[in-house]
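Novice: Take this structure first; my questions come after.
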Amino acid sequence: MRTIPAGKVATYGQVALLAGNMRAARQVGAVLYGIREVEDDVPWQRVINASGGISTFKVGAGELQVALLRSEGVEVERTAAGPRVALRRWQWRPDLERFGPEPE
DNA sequence: CCTATGACCGTGA
DNA sequence: CTCACGGCCATAG
């Protein structure tokens, strides 16, 4: 997760894949659940679900995540279904980094 | 060993 | 766009 660049986001499944098991997305979330926000120095805020939404249920954590993402340049829009990020544009694509920004 | 659970995912209606 | 379903697999009990 520390390899995810600031200003980009990754999905749980994506992280799971990078970790070796594409189908262990749930475990990724389970790990994040136990993260010590400050001390562990991992950009947990860059991990969102496959729909571009925030998955945490911890009160306040969602707001914090949105704030953190915005502070690093990621656009988070407010929809009826809650905060949402356009993966089309903000998802980290390790294999495409050298091609520059994704054009919408 | 067996069941229930969950910061998930993809597909199909 | 929304919703339901089935699949996943490490953990906890």
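Every chain in the structure tokens takes a letter, A first, then B, and so on in the order presented; its residues are numbered from 1, and the ligands are numbered from 1 following the presented order.
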At a cut-off of 9 Å, using only C-alpha atoms (C1' of nucleotides), what residues contact DG6 (chain B)? Leave out same-chain residues fewer than 6 positions from it and give the result as a ChimeraX atom specification.
Specialist: /A:26-27,29-30
Novice: Pull out every residue of chain A sitting within 12 Å of chain C, counting only C-alpha atoms (C1' of nucleotides), and send them as a ChimeraX atom specification.
Specialist: /A:13,16,21-31,80-81
Novice: Do you know which residues are at most 9 Å from region 2-4 of chain A counting only C-alpha atoms (C1' of nucleotides), after dropping those on the same chain fewer than 4 positions away, and could you put them as JSON, numbers by chain?
Specialist: {"A": [8, 9, 10, 41, 42, 43, 44, 46, 92, 94]}
Novice: Within 9 Å of chain A, which residues belong to chain B? Use only C-alpha atoms (C1' of nucleotides) and report them as a PDB file with C-alpha atoms (C1' of nucleotides), in the first residue's frame.
Specialist:
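Result written to selection-v9.pdb:
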```
ATOM      1  C1'  DG B   6     -16.866  -9.136   6.804  1.00  0.00           C
ATOM      2  C1'  DA B   7     -13.357  -1.137   5.199  1.00  0.00           C
ATOM      3  C1'  DC B   8     -14.915  -6.781  -1.105  1.00  0.00           C
ATOM      4  C1'  DC B   9     -15.883  -8.004  -6.325  1.00  0.00           C
TER       5       DC B   9
END
```
Novice: Rounded to one decimal in Å, what is the spacing between C1' of DT5 (chain B) and CA of Thr79 (chain A)?
Specialist: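 Taking C1' of DT5 (chain B) as the start and CA of Thr79 (chain A) as the end point, the length is 28.9 Å.
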Novice: Near Pro83 (chain A), within 8 Å and counting only C-alpha atoms (C1' of nucleotides), which residues show up once chain neighbours fewer than 3 positions away are dropped, as a PDB file with C-alpha atoms, in the first residue's frame?
Specialist:
```pdb
ATOM      1  CA  GLY A  53     -16.863   4.784  -2.655  1.00  0.00           C
ATOM      2  CA  ILE A  54     -15.743   4.872   0.948  1.00  0.00           C
ATOM      3  CA  VAL A  66     -12.310  12.223   2.285  1.00  0.00           C
ATOM      4  CA  VAL A  76     -14.206  13.508  -4.205  1.00  0.00           C
ATOM      5  CA  GLU A  77     -17.735  14.283  -5.298  1.00  0.00           C
ATOM      6  CA  ARG A  78     -20.760  14.251  -3.061  1.00  0.00           C
ATOM      7  CA  THR A  79     -23.509  11.984  -4.341  1.00  0.00           C
TER       8      THR A  79
END
```
Novice: Using CA of Asp40 (chain A) and CA of Glu63 (chain A) as the two end points, give the distance in Å to one decimal.
Specialist: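 It comes out at 19.7 Å.
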Novice: Chain A: which residues are alpha helix (DSSP H) by DSSP, as a ChimeraX atom specification?
Specialist: /A:12-19,25-33,61-71,87-90
Novice: Give me, as a list in words, the residues of region 3-81 of chain A that a backbone DSSP run labels strand (DSSP E).
Specialist: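 Selection result, strand (DSSP E) within region 3-81 of chain A: Ala10, Thr11, Val47, Ile48, Glu77, Arg78 and Thr79 of chain A.
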